[in-house]
>>> print(open('model-v1.txt').read())   # compact mmCIF, C-alpha atoms and all ligand atoms
# COMPACT_ATOMS: atom_id res chain seq x y z
CA MET A 1 0.00 0.00 0.00
CA THR A 2 1.42 3.40 -0.94
CA ILE A 3 0.00 6.58 0.47
CA ASP A 4 0.06 10.10 -0.88
CA GLN A 5 2.43 12.65 0.48
CA PRO A 6 0.77 14.80 3.14
CA ALA A 7 -0.28 18.27 2.04
CA THR A 8 1.44 20.17 4.82
CA ARG A 9 4.97 20.24 6.17
CA PRO A 10 6.30 21.22 9.59
CA ALA A 11 7.30 24.88 9.68
CA ASN A 12 10.46 23.78 11.50
CA PRO A 13 11.76 20.29 10.68
CA ARG A 14 14.53 20.38 13.29
CA PHE A 15 14.07 17.39 15.59
CA SER A 16 17.73 16.72 16.44
CA SER A 17 18.56 15.58 19.96
CA GLY A 18 21.38 18.05 20.26
CA PRO A 19 22.03 20.72 19.30
CA CYS A 20 18.24 21.03 19.54
CA ALA A 21 15.84 23.47 17.88
CA LYS A 22 16.27 27.08 18.93
CA PRO A 23 13.45 28.62 20.99
CA PRO A 24 10.56 29.73 18.78
CA VAL A 25 11.35 33.40 19.46
CA PHE A 26 14.99 33.06 18.40
CA SER A 27 16.61 35.22 15.76
CA LEU A 28 20.29 36.12 15.45
CA ASP A 29 19.63 39.85 15.73
CA LYS A 30 18.26 39.30 19.24
CA LEU A 31 21.82 38.52 20.33
CA SER A 32 23.06 41.99 19.44
CA GLY A 33 23.34 42.89 23.13
CA ALA A 34 26.06 40.25 23.66
CA ALA A 35 29.18 41.46 25.46
CA LEU A 36 31.36 40.74 22.44
CA GLY A 37 34.98 41.81 22.37
CA ARG A 38 34.87 42.49 26.10
CA SER A 39 36.54 40.63 28.91
CA HIS A 40 34.32 38.08 30.59
CA ARG A 41 35.87 39.40 33.81
CA ALA A 42 34.71 42.98 33.12
CA LYS A 43 31.51 43.98 34.93
CA ILE A 44 29.36 43.60 31.82
CA GLY A 45 30.57 40.04 31.21
CA LYS A 46 30.40 38.97 34.82
CA ASP A 47 26.91 40.38 35.19
CA LYS A 48 25.70 38.33 32.25
CA LEU A 49 27.30 35.15 33.55
CA LYS A 50 25.78 35.79 36.97
CA ALA A 51 22.38 36.44 35.40
CA ALA A 52 22.64 33.10 33.55
CA ILE A 53 23.24 31.37 36.89
CA GLU A 54 20.47 33.22 38.71
CA MET A 55 17.89 32.69 35.97
CA THR A 56 18.82 29.01 35.82
CA ARG A 57 18.13 28.81 39.55
CA GLU A 58 14.76 30.58 39.14
CA VAL A 59 13.51 28.55 36.21
CA LEU A 60 14.67 25.16 37.54
CA GLY A 61 13.70 25.90 41.15
CA VAL A 62 17.18 25.03 42.43
CA PRO A 63 17.35 25.49 46.23
CA ALA A 64 19.12 28.63 47.46
CA ASP A 65 21.83 26.64 49.24
CA TYR A 66 22.85 24.71 46.10
CA ARG A 67 25.76 26.11 44.04
CA ILE A 68 25.37 26.55 40.27
CA GLY A 69 28.47 26.93 38.13
CA ILE A 70 29.19 27.40 34.44
CA VAL A 71 32.04 25.07 33.54
CA PRO A 72 34.06 24.12 30.44
CA ALA A 73 33.38 21.36 27.91
CA SER A 74 29.62 21.12 27.91
CA ASP A 75 27.77 18.42 29.82
CA THR A 76 30.69 16.02 29.43
CA GLY A 77 32.97 18.54 31.09
CA ALA A 78 30.59 18.96 34.01
CA VAL A 79 30.15 15.19 34.55
CA GLU A 80 33.87 14.46 34.25
CA MET A 81 34.71 17.30 36.61
CA ALA A 82 32.30 15.92 39.19
CA MET A 83 33.51 12.34 38.87
CA TRP A 84 37.19 13.27 38.96
CA SER A 85 36.70 15.59 41.95
CA LEU A 86 34.33 13.52 44.08
CA LEU A 87 34.67 9.80 43.40
CA GLY A 88 37.01 7.54 45.31
CA ALA A 89 36.07 8.68 48.81
CA ARG A 90 33.75 5.70 49.20
CA PRO A 91 32.67 2.77 47.01
CA ALA A 92 30.57 3.74 44.00
CA THR A 93 27.71 2.28 42.00
CA MET A 94 27.77 3.08 38.31
CA VAL A 95 24.34 2.80 36.75
CA ALA A 96 23.75 2.75 32.98
CA TRP A 97 21.05 1.77 30.52
CA GLU A 98 22.31 3.43 27.34
CA SER A 99 25.38 4.85 25.65
CA PHE A 100 26.13 7.99 27.69
CA GLY A 101 25.68 6.24 31.03
CA ALA A 102 27.94 3.48 29.71
CA GLY A 103 30.58 6.12 28.98
CA TRP A 104 30.55 7.24 32.62
CA VAL A 105 30.92 3.60 33.71
CA THR A 106 34.02 3.26 31.54
CA ASP A 107 35.55 6.38 33.06
CA ALA A 108 35.05 5.27 36.64
CA VAL A 109 36.15 1.69 36.09
CA LYS A 110 38.85 1.96 33.45
CA GLN A 111 40.24 5.46 33.94
CA LEU A 112 39.78 6.27 37.63
CA LYS A 113 39.90 2.57 38.51
CA ILE A 114 37.77 3.08 41.60
CA GLN A 115 35.96 0.37 43.49
CA ALA A 116 32.60 0.34 41.74
CA GLU A 117 29.66 -1.94 41.32
CA VAL A 118 28.31 -1.68 37.79
CA LYS A 119 24.60 -2.05 37.16
CA THR A 120 23.34 -1.97 33.61
CA ALA A 121 20.14 -2.61 31.67
CA GLU A 122 19.53 -3.19 27.99
CA TYR A 123 18.26 -0.44 25.66
CA GLY A 124 14.58 0.04 26.36
CA GLN A 125 14.88 -1.04 29.98
CA ILE A 126 16.08 0.66 33.15
CA VAL A 127 18.06 -0.39 36.21
CA ASP A 128 15.83 -0.95 39.24
CA PHE A 129 16.79 1.77 41.73
CA ALA A 130 15.42 -0.41 44.56
CA GLU A 131 18.52 -2.56 44.00
CA VAL A 132 21.00 0.31 44.16
CA ASP A 133 22.87 0.98 47.41
CA PHE A 134 22.64 4.73 47.92
CA ASN A 135 25.15 4.55 50.74
CA THR A 136 27.67 4.30 47.91
CA ASP A 137 28.21 7.19 45.50
CA VAL A 138 25.83 6.62 42.61
CA VAL A 139 26.44 7.93 39.09
CA PHE A 140 23.53 7.79 36.64
CA THR A 141 21.85 9.55 33.75
CA TRP A 142 18.35 10.90 34.43
CA ASN A 143 17.16 10.74 30.84
CA GLY A 144 18.99 8.26 28.64
CA THR A 145 19.14 10.30 25.46
CA THR A 146 20.06 7.37 23.25
CA SER A 147 17.37 4.95 24.48
CA GLY A 148 14.59 7.35 25.40
CA VAL A 149 14.35 5.76 28.83
CA ARG A 150 14.17 8.08 31.85
CA VAL A 151 14.04 7.80 35.60
CA PRO A 152 10.32 8.24 36.36
CA ASN A 153 10.89 10.06 39.69
CA GLY A 154 13.29 10.19 42.62
CA ASP A 155 11.15 8.20 45.05
CA LEU A 156 13.61 5.31 45.31
CA ILE A 157 16.54 7.58 46.17
CA PRO A 158 16.62 7.77 49.98
CA ALA A 159 16.71 11.21 51.58
CA ASP A 160 19.07 9.92 54.25
CA ARG A 161 21.61 8.33 51.87
CA GLU A 162 25.26 8.39 52.88
CA GLY A 163 26.65 8.46 49.36
CA LEU A 164 26.41 11.24 46.81
CA THR A 165 24.18 11.04 43.75
CA ILE A 166 25.87 12.33 40.60
CA CYS A 167 23.27 12.80 37.90
CA ASP A 168 23.79 13.57 34.22
CA ALA A 169 20.53 15.39 33.53
CA THR A 170 21.44 16.99 30.23
CA SER A 171 18.39 15.83 28.27
CA ALA A 172 16.08 16.10 31.31
CA ALA A 173 16.74 19.55 32.73
CA PHE A 174 13.95 22.04 31.83
CA ALA A 175 11.63 19.24 30.63
CA GLN A 176 11.40 16.85 33.57
CA ASP A 177 10.89 17.38 37.26
CA LEU A 178 14.26 16.99 38.99
CA PRO A 179 13.98 16.30 42.75
CA TRP A 180 16.78 18.50 44.04
CA ASP A 181 16.79 16.95 47.51
CA LYS A 182 17.70 13.62 45.91
CA LEU A 183 20.46 15.01 43.68
CA ASP A 184 23.89 16.05 44.96
CA VAL A 185 25.47 16.78 41.61
CA THR A 186 23.39 17.62 38.57
CA THR A 187 24.81 18.48 35.18
CA PHE A 188 23.45 19.65 31.86
CA SER A 189 24.37 21.69 28.81
CA TRP A 190 22.63 24.56 27.08
CA GLN A 191 21.99 22.99 23.68
CA LYS A 192 19.34 20.49 24.76
CA VAL A 193 15.90 21.44 26.11
CA MET A 194 16.64 25.17 25.98
CA GLY A 195 17.96 25.07 22.43
CA GLY A 196 21.10 26.96 23.47
CA GLU A 197 24.61 26.67 22.12
CA ALA A 198 27.08 23.92 22.99
CA ALA A 199 30.43 24.15 24.80
CA HIS A 200 29.35 25.20 28.28
CA GLY A 201 28.34 22.83 31.04
CA MET A 202 26.23 23.52 34.10
CA LEU A 203 27.28 21.99 37.39
CA ILE A 204 24.82 22.09 40.30
CA LEU A 205 26.13 21.05 43.71
CA SER A 206 24.20 20.25 46.88
CA PRO A 207 25.67 21.29 50.25
CA ARG A 208 26.71 17.64 50.78
CA ALA A 209 28.64 17.66 47.50
CA VAL A 210 30.44 20.83 48.60
CA GLU A 211 31.22 19.21 51.96
CA ARG A 212 32.81 16.27 50.11
CA LEU A 213 34.83 18.61 47.90
CA GLU A 214 36.17 20.42 50.94
CA SER A 215 36.98 17.30 52.95
CA TYR A 216 38.35 14.91 50.35
CA THR A 217 41.33 15.05 48.01
CA PRO A 218 41.36 12.45 45.24
CA ALA A 219 44.44 10.28 44.80
CA TRP A 220 44.84 11.35 41.17
CA PRO A 221 45.96 14.68 39.71
CA LEU A 222 43.30 17.14 38.55
CA PRO A 223 43.80 19.33 35.47
CA LYS A 224 43.10 23.02 35.97
CA ILE A 225 39.75 22.88 34.17
CA PHE A 226 38.47 20.27 36.67
CA ARG A 227 39.61 22.05 39.82
CA LEU A 228 36.77 23.24 42.04
CA THR A 229 38.74 23.84 45.23
CA LYS A 230 41.81 25.73 46.28
CA GLY A 231 43.59 25.04 49.57
CA GLY A 232 40.77 22.70 50.61
CA LYS A 233 38.07 25.35 50.08
CA LEU A 234 35.48 25.61 47.33
CA ILE A 235 36.36 28.25 44.73
CA GLU A 236 33.17 30.25 45.30
CA GLY A 237 33.84 32.53 42.35
CA ILE A 238 33.00 29.73 39.91
CA PHE A 239 29.45 29.80 41.28
CA VAL A 240 28.88 33.50 40.73
CA GLY A 241 30.12 33.63 37.16
CA GLU A 242 33.89 33.76 37.53
CA THR A 243 34.43 30.93 35.10
CA ILE A 244 37.58 28.79 35.22
CA ASN A 245 38.49 29.76 31.67
CA THR A 246 37.05 31.93 28.92
CA PRO A 247 33.41 31.36 28.00
CA SER A 248 31.73 32.42 24.76
CA MET A 249 29.79 35.58 25.53
CA LEU A 250 27.75 34.97 22.37
CA ALA A 251 26.65 31.59 23.74
CA VAL A 252 25.90 33.22 27.10
CA GLU A 253 23.68 35.81 25.41
CA ASP A 254 21.91 33.06 23.53
CA TYR A 255 21.28 31.12 26.77
CA LEU A 256 19.93 34.29 28.42
CA LEU A 257 17.52 34.70 25.50
CA ALA A 258 16.32 31.13 25.98
CA LEU A 259 15.87 31.67 29.71
CA ASP A 260 13.92 34.88 29.04
CA TRP A 261 11.65 32.97 26.70
CA ALA A 262 11.22 30.23 29.31
CA GLN A 263 10.19 32.74 31.94
CA ALA A 264 7.86 34.56 29.54
CA ILE A 265 5.91 31.41 28.69
CA GLY A 266 5.45 30.42 32.34
CA GLY A 267 8.70 28.82 33.48
CA LEU A 268 9.35 25.19 34.23
CA PRO A 269 5.71 23.98 34.26
CA ALA A 270 5.20 25.45 30.79
CA LEU A 271 8.45 23.95 29.47
CA MET A 272 7.51 20.52 30.83
CA ALA A 273 4.01 20.79 29.41
CA ARG A 274 5.38 21.57 25.95
CA ALA A 275 7.69 18.52 26.02
CA ASP A 276 4.85 16.35 27.36
CA ALA A 277 2.50 17.45 24.58
CA ASN A 278 5.12 16.81 21.92
CA ALA A 279 5.91 13.34 23.21
CA GLN A 280 2.23 12.49 23.69
CA ALA A 281 1.53 13.26 20.03
CA ILE A 282 4.11 10.61 19.13
CA PHE A 283 2.88 8.13 21.74
CA ASP A 284 -0.64 8.48 20.33
CA PHE A 285 0.64 8.00 16.78
CA CYS A 286 2.40 4.76 17.80
CA ALA A 287 -0.60 3.48 19.76
CA GLU A 288 -2.72 3.67 16.58
CA ARG A 289 -0.25 1.71 14.45
CA ASP A 290 1.05 -1.83 14.63
CA TRP A 291 4.34 -1.17 12.86
CA ILE A 292 6.04 1.23 15.25
CA ASP A 293 6.55 1.29 18.99
CA ASN A 294 8.38 3.12 21.74
CA LEU A 295 11.78 1.65 22.56
CA ALA A 296 11.08 2.23 26.27
CA GLU A 297 9.28 -0.87 27.50
CA ASP A 298 7.67 0.56 30.62
CA PRO A 299 5.43 3.55 29.80
CA ALA A 300 6.45 5.16 33.13
CA THR A 301 10.01 5.41 31.84
CA ARG A 302 9.21 6.90 28.42
CA SER A 303 11.19 10.03 27.77
CA ASN A 304 9.33 13.22 26.88
CA THR A 305 12.45 14.66 25.23
CA SER A 306 14.43 12.04 23.31
CA VAL A 307 11.61 9.84 22.09
CA CYS A 308 13.13 6.65 20.65
CA LEU A 309 11.09 4.47 18.33
CA LYS A 310 11.54 1.01 16.82
CA PHE A 311 9.90 -0.48 13.75
CA THR A 312 8.05 -3.69 14.59
CA ASP A 313 6.69 -4.77 11.20
CA ASP A 314 7.77 -8.33 10.41
CA ARG A 315 7.97 -7.58 6.69
CA ILE A 316 11.15 -5.59 7.42
CA THR A 317 14.17 -7.64 6.37
CA ASP A 318 17.06 -5.42 7.50
CA GLY A 319 16.06 -3.27 10.48
CA ALA A 320 19.03 -0.93 10.44
CA ALA A 321 18.88 -0.29 6.68
CA PHE A 322 15.11 0.22 6.85
CA ALA A 323 15.26 2.78 9.68
CA LYS A 324 18.06 4.66 7.92
CA ALA A 325 16.12 4.71 4.67
CA VAL A 326 13.01 6.10 6.39
CA ALA A 327 15.04 8.83 8.10
CA LYS A 328 16.70 9.63 4.76
CA ARG A 329 13.36 10.00 2.98
CA LEU A 330 12.11 12.37 5.66
CA GLU A 331 15.30 14.40 5.53
CA ALA A 332 15.20 14.54 1.72
CA GLU A 333 11.66 15.93 1.89
CA GLY A 334 12.84 18.50 4.44
CA VAL A 335 10.22 17.39 6.95
CA ALA A 336 12.41 15.83 9.68
CA LEU A 337 16.12 16.43 10.12
CA ASP A 338 18.52 14.32 12.19
CA ILE A 339 16.05 11.73 13.48
CA GLY A 340 18.07 8.55 12.96
CA ALA A 341 18.70 6.52 16.12
CA TYR A 342 22.01 7.17 17.91
CA ARG A 343 24.89 5.20 16.42
CA ASP A 344 25.22 2.79 19.41
CA ALA A 345 21.47 2.36 19.93
CA PRO A 346 19.14 -0.25 18.38
CA ALA A 347 17.94 0.59 14.87
CA GLY A 348 15.08 3.05 14.76
CA LEU A 349 14.28 6.73 15.04
CA ARG A 350 14.83 9.33 17.73
CA ILE A 351 12.63 12.39 17.64
CA TRP A 352 13.47 15.28 19.95
CA CYS A 353 10.42 16.59 21.77
CA GLY A 354 12.04 19.13 24.12
CA ALA A 355 10.38 22.42 24.96
CA THR A 356 11.68 24.40 21.99
CA VAL A 357 9.90 22.08 19.56
CA GLU A 358 6.39 23.16 18.57
CA THR A 359 3.68 20.51 18.92
CA ALA A 360 2.23 21.67 15.60
CA ASP A 361 5.53 20.69 13.95
CA ILE A 362 5.48 17.21 15.50
CA GLU A 363 1.85 16.85 14.36
CA ALA A 364 2.71 17.99 10.85
CA MET A 365 5.69 15.62 10.67
CA LEU A 366 3.94 12.43 11.81
CA PRO A 367 1.82 11.92 8.65
CA TRP A 368 5.10 12.09 6.75
CA LEU A 369 6.42 9.27 8.90
CA ASP A 370 3.37 7.25 7.85
CA TRP A 371 4.13 8.08 4.24
CA ALA A 372 7.86 7.27 4.51
CA PHE A 373 7.20 3.95 6.24
CA HIS A 374 4.80 2.75 3.56
CA ALA A 375 7.01 4.06 0.76
CA GLU A 376 9.96 2.16 2.18
CA ILE A 377 7.99 -1.08 2.65
CA GLU A 378 6.98 -0.77 -1.00
CA ALA A 379 10.57 -0.08 -2.08
CA GLN A 380 11.77 -3.09 -0.15
CA ALA A 381 9.14 -5.31 -1.80
CA GLN A 382 10.12 -4.10 -5.26
CA ALA A 383 13.81 -4.69 -4.58
CA ALA A 384 13.17 -8.26 -3.42
C1 LIG B 401 22.89 11.91 28.46
C2 LIG B 401 23.99 12.65 27.78
N1 LIG B 401 25.14 12.85 28.43
C3 LIG B 401 26.16 13.52 27.86
C4 LIG B 401 26.06 14.03 26.59
C5 LIG B 401 27.20 14.78 26.00
O1 LIG B 401 26.87 16.11 26.08
P1 LIG B 401 27.82 17.29 25.64
O2 LIG B 401 28.05 17.13 24.18
O3 LIG B 401 27.04 18.50 26.03
O4 LIG B 401 29.07 17.15 26.42
C6 LIG B 401 24.87 13.87 25.87
C7 LIG B 401 24.73 14.39 24.50
O5 LIG B 401 23.80 14.15 23.81
C8 LIG B 401 23.82 13.17 26.49
O6 LIG B 401 22.67 13.01 25.84
>>> encode(input="model-v1.txt", output="structure tokens")
Amino acid sequence: MTIDQPATRPANPRFSSGPCAKPPVFSLDKLSGAALGRSHRAKIGKDKLKAAIEMTREVLGVPADYRIGIVPASDTGAVEMAMWSLLGARPATMVAWESFGAGWVTDAVKQLKIQAEVKTAEYGQIVDFAEVDFNTDVVFTWNGTTSGVRVPNGDLIPADREGLTICDATSAAFAQDLPWDKLDVTTFSWQKVMGGEAAHGMLILSPRAVERLESYTPAWPLPKIFRLTKGGKLIEGIFVGETINTPSMLAVEDYLLALDWAQAIGGLPALMARADANAQAIFDFCAERDWIDNLAEDPATRSNTSVCLKFTDDRITDGAAFAKAVAKRLEAEGVALDIGAYRDAPAGLRIWCGATVETADIEAMLPWLDWAFHAEIEAQAQAA
């Protein structure tokens, strides 16, 4: 069965999982107030960096006694900095159910060589937090960007844990409710849910994380860009905008624009509602068809940002080639860009549904997915 091409196209076909679509209000000329050509240590630069920290706190509802810092090397920089600075003081549990979490496991086990229990689950599944010992330091990813499987809530993380929780929340922050009392270190980057620019990481520390930093010195050397303490004391300047090295003031301006937009539309609840509506449109689409399904097995763990889909039609002979061909058709028509599954993930599609994506664009794209699927099934039959 072939079907006609839909009559309408999404106004914005950008559904990449990072860098993600810019906020709907974005235009380059709105960045003209950037402190370009000025020192980031001059008052104008420092004020902007401080504003980025303060607005992040407001929008995310980060408690007043948590530190928020802008650090080098995007989310990876923030996670590595936390692991290198904090791990080793007590045994750790490394938890992973997709590619990025697996990367953090490798670092702890093969690079830092710390005593760690490793708990993993297959793509589509999640590790049961009831089986994790939170008296160890626990490193995990809140939203597995490459599997579309997320932690549903923080209920299984005990409030009275002895270990620290180190959470890579890069594709969750601003779209999912993060329980700050359960998170000692939280990291994210600007180019995900807020549609910002890459290169800068955000590092959020609980008072207990700061206590660890000030009372523990790792056995290994720390490069300058990972150093959060000096003489056994936290470098407080990092958490008021005195960055370790030079940031891009253009990227800072762009992040401020995104935060302004977030506040204007109603803050975190509005951002979460936008991601929820986007993801729901896809969930509904899948529920009405027998050839496509969510990769996440338990509906409670389905991501509302990186929605990962698998084709389930038994006429498909080569799953990876089929998924690639569908994504290619959609890209060629200019109706969905960058929606192939992550390179290490099972074959399929990954459609970003974060807050900067318009639900109308998801809704306009989905009929094209119908079209591309049937066109590809037909092409496969003719090639056979
Ligand atoms: C869960 C997760 N962690 C880490 C990263 C790496 O982020 P960055 O490129 O900002 O360092 C990504 C990127 O997609 C991610 O999804």
>>> axis_aligned_box(input="model-v1.txt", around="stretch 99-102 of chain A", padding_each_side="8 Å", output="AutoDock Vina command-line options")
--center_x 26.7 --center_y 5.7 --center_z 28.3 --size_x 18.6 --size_y 20.5 --size_z 21.4
>>> residues_near_ligand(input="model-v1.txt", ligand="ligand LIG 401 (chain B)", cutoff="10 Å", atoms="all atoms listed in the file", output="ChimeraX atom specification")
/A:16-20,72-80,98-104,140-148,167-172,187-192,197-202,306,342
>>> closest_residue(input="model-v1.txt", among="A:Arg208, A:Arg350, A:Arg227, A:Arg343", to="A:Asp65", atoms="only C-alpha atoms")
A:Arg208
>>> residues_around(input="model-v1.txt", residues="stretch 57-60 of chain A", least_positions_apart="5", cutoff="8 Å", atoms="all atoms listed in the file", output="list in words")
Ile68, Ala173, Phe174, Leu259, Ala262, Gln263, Gly267 and Leu268 of chain A
>>> residues_near_point(input="model-v1.txt", point="(31.8, 29.3, 40.3)", cutoff="8 Å", atoms="only C-alpha atoms", output="PyMOL selection string")
chain A and resi 67-71+235-244
>>> write_last_selection(input="model-v1.txt", atoms="C-alpha atoms", output="mmCIF file, in the coordinates of the input")
data_model
loop_
_atom_site.group_PDB
_atom_site.id
_atom_site.type_symbol
_atom_site.label_atom_id
_atom_site.label_comp_id
_atom_site.auth_asym_id
_atom_site.auth_seq_id
_atom_site.Cartn_x
_atom_site.Cartn_y
_atom_site.Cartn_z
ATOM 1 C CA ARG A 67 25.760 26.110 44.040
ATOM 2 C CA ILE A 68 25.370 26.550 40.270
ATOM 3 C CA GLY A 69 28.470 26.930 38.130
ATOM 4 C CA ILE A 70 29.190 27.400 34.440
ATOM 5 C CA VAL A 71 32.040 25.070 33.540
ATOM 6 C CA ILE A 235 36.360 28.250 44.730
ATOM 7 C CA GLU A 236 33.170 30.250 45.300
ATOM 8 C CA GLY A 237 33.840 32.530 42.350
ATOM 9 C CA ILE A 238 33.000 29.730 39.910
ATOM 10 C CA PHE A 239 29.450 29.800 41.280
ATOM 11 C CA VAL A 240 28.880 33.500 40.730
ATOM 12 C CA GLY A 241 30.120 33.630 37.160
ATOM 13 C CA GLU A 242 33.890 33.760 37.530
ATOM 14 C CA THR A 243 34.430 30.930 35.100
ATOM 15 C CA ILE A 244 37.580 28.790 35.220
#
>>> residues_around(input="model-v1.txt", residues="stretch 314-330 of chain A", least_positions_apart="4", cutoff="7 Å", atoms="all atoms listed in the file", output="VMD selection string")
chain A and resid 334 to 336 339 to 340 347 to 349 372 to 373 376
>>> residues_around(input="model-v1.txt", residues="A:Thr165", least_positions_apart="3", cutoff="10 Å", atoms="all atoms listed in the file", output="VMD selection string")
chain A and resid 92 to 93 134 to 140 157 161 to 162 168 182 to 186 206 208 to 209
>>> atom_distance(input="model-v1.txt", atom1="atom CA of A:Gln111", atom2="atom CA of A:Ala89")
15.8 Å
>>> residues_around(input="model-v1.txt", residues="A:Arg302", least_positions_apart="3", cutoff="6 Å", atoms="all atoms listed in the file", output="list in words")
Val149, Ala296 and Pro299 of chain A
>>> residues_near_point(input="model-v1.txt", point="(38.1, 11.4, 47.4)", cutoff="6 Å", atoms="only C-alpha atoms", output="ChimeraX atom specification")
/A:86-89,216-218
>>> write_last_selection(input="model-v1.txt", atoms="C-alpha atoms", output="CSV table (one decimal), keeping the file's coordinate frame")
chain,number,residue,atom,x,y,z
A,86,LEU,CA,34.3,13.5,44.1
A,87,LEU,CA,34.7,9.8,43.4
A,88,GLY,CA,37.0,7.5,45.3
A,89,ALA,CA,36.1,8.7,48.8
A,216,TYR,CA,38.4,14.9,50.4
A,217,THR,CA,41.3,15.0,48.0
A,218,PRO,CA,41.4,12.4,45.2
>>> atom_distance(input="model-v1.txt", atom1="atom CA of A:Leu112", atom2="atom CA of A:Arg90")
13.1 Å
>>> closest_residue(input="model-v1.txt", among="A:Ala52, A:Val25, A:Ala116, A:Ala82", to="A:Thr229", atoms="only C-alpha atoms")
A:Ala82
>>> closest_residue(input="model-v1.txt", among="A:Leu203, A:Thr359, A:Val307, A:Asn245", to="A:Thr56", atoms="all atoms listed in the file")
A:Leu203
>>> decode(input="model-v1.txt", residues="stretch 63-109 of chain A", atoms="C-alpha atoms", output="PDB file, in the first residue's frame")
ATOM      1  CA  PRO A  63      17.346  25.494  46.234  1.00  0.00           C
ATOM      2  CA  ALA A  64      19.120  28.628  47.465  1.00  0.00           C
ATOM      3  CA  ASP A  65      21.834  26.642  49.238  1.00  0.00           C
ATOM      4  CA  TYR A  66      22.848  24.711  46.098  1.00  0.00           C
ATOM      5  CA  ARG A  67      25.758  26.114  44.040  1.00  0.00           C
ATOM      6  CA  ILE A  68      25.366  26.550  40.267  1.00  0.00           C
ATOM      7  CA  GLY A  69      28.465  26.932  38.129  1.00  0.00           C
ATOM      8  CA  ILE A  70      29.193  27.405  34.438  1.00  0.00           C
ATOM      9  CA  VAL A  71      32.044  25.067  33.536  1.00  0.00           C
ATOM     10  CA  PRO A  72      34.060  24.124  30.440  1.00  0.00           C
ATOM     11  CA  ALA A  73      33.376  21.357  27.912  1.00  0.00           C
ATOM     12  CA  SER A  74      29.622  21.125  27.912  1.00  0.00           C
ATOM     13  CA  ASP A  75      27.773  18.418  29.815  1.00  0.00           C
ATOM     14  CA  THR A  76      30.685  16.017  29.426  1.00  0.00           C
ATOM     15  CA  GLY A  77      32.974  18.539  31.095  1.00  0.00           C
ATOM     16  CA  ALA A  78      30.586  18.958  34.005  1.00  0.00           C
ATOM     17  CA  VAL A  79      30.151  15.192  34.554  1.00  0.00           C
ATOM     18  CA  GLU A  80      33.869  14.458  34.253  1.00  0.00           C
ATOM     19  CA  MET A  81      34.708  17.298  36.609  1.00  0.00           C
ATOM     20  CA  ALA A  82      32.297  15.922  39.194  1.00  0.00           C
ATOM     21  CA  MET A  83      33.506  12.338  38.866  1.00  0.00           C
ATOM     22  CA  TRP A  84      37.192  13.266  38.957  1.00  0.00           C
ATOM     23  CA  SER A  85      36.703  15.589  41.948  1.00  0.00           C
ATOM     24  CA  LEU A  86      34.334  13.519  44.076  1.00  0.00           C
ATOM     25  CA  LEU A  87      34.665   9.803  43.397  1.00  0.00           C
ATOM     26  CA  GLY A  88      37.012   7.541  45.308  1.00  0.00           C
ATOM     27  CA  ALA A  89      36.075   8.684  48.805  1.00  0.00           C
ATOM     28  CA  ARG A  90      33.747   5.695  49.202  1.00  0.00           C
ATOM     29  CA  PRO A  91      32.669   2.771  47.006  1.00  0.00           C
ATOM     30  CA  ALA A  92      30.569   3.736  44.000  1.00  0.00           C
ATOM     31  CA  THR A  93      27.714   2.282  42.004  1.00  0.00           C
ATOM     32  CA  MET A  94      27.773   3.078  38.310  1.00  0.00           C
ATOM     33  CA  VAL A  95      24.336   2.797  36.746  1.00  0.00           C
ATOM     34  CA  ALA A  96      23.752   2.751  32.985  1.00  0.00           C
ATOM     35  CA  TRP A  97      21.052   1.769  30.517  1.00  0.00           C
ATOM     36  CA  GLU A  98      22.310   3.427  27.340  1.00  0.00           C
ATOM     37  CA  SER A  99      25.376   4.850  25.646  1.00  0.00           C
ATOM     38  CA  PHE A 100      26.127   7.990  27.688  1.00  0.00           C
ATOM     39  CA  GLY A 101      25.678   6.244  31.026  1.00  0.00           C
ATOM     40  CA  ALA A 102      27.938   3.484  29.714  1.00  0.00           C
ATOM     41  CA  GLY A 103      30.580   6.125  28.978  1.00  0.00           C
ATOM     42  CA  TRP A 104      30.549   7.243  32.624  1.00  0.00           C
ATOM     43  CA  VAL A 105      30.921   3.604  33.710  1.00  0.00           C
ATOM     44  CA  THR A 106      34.023   3.265  31.544  1.00  0.00           C
ATOM     45  CA  ASP A 107      35.549   6.382  33.055  1.00  0.00           C
ATOM     46  CA  ALA A 108      35.047   5.268  36.642  1.00  0.00           C
ATOM     47  CA  VAL A 109      36.152   1.690  36.093  1.00  0.00           C
TER      48      VAL A 109
END
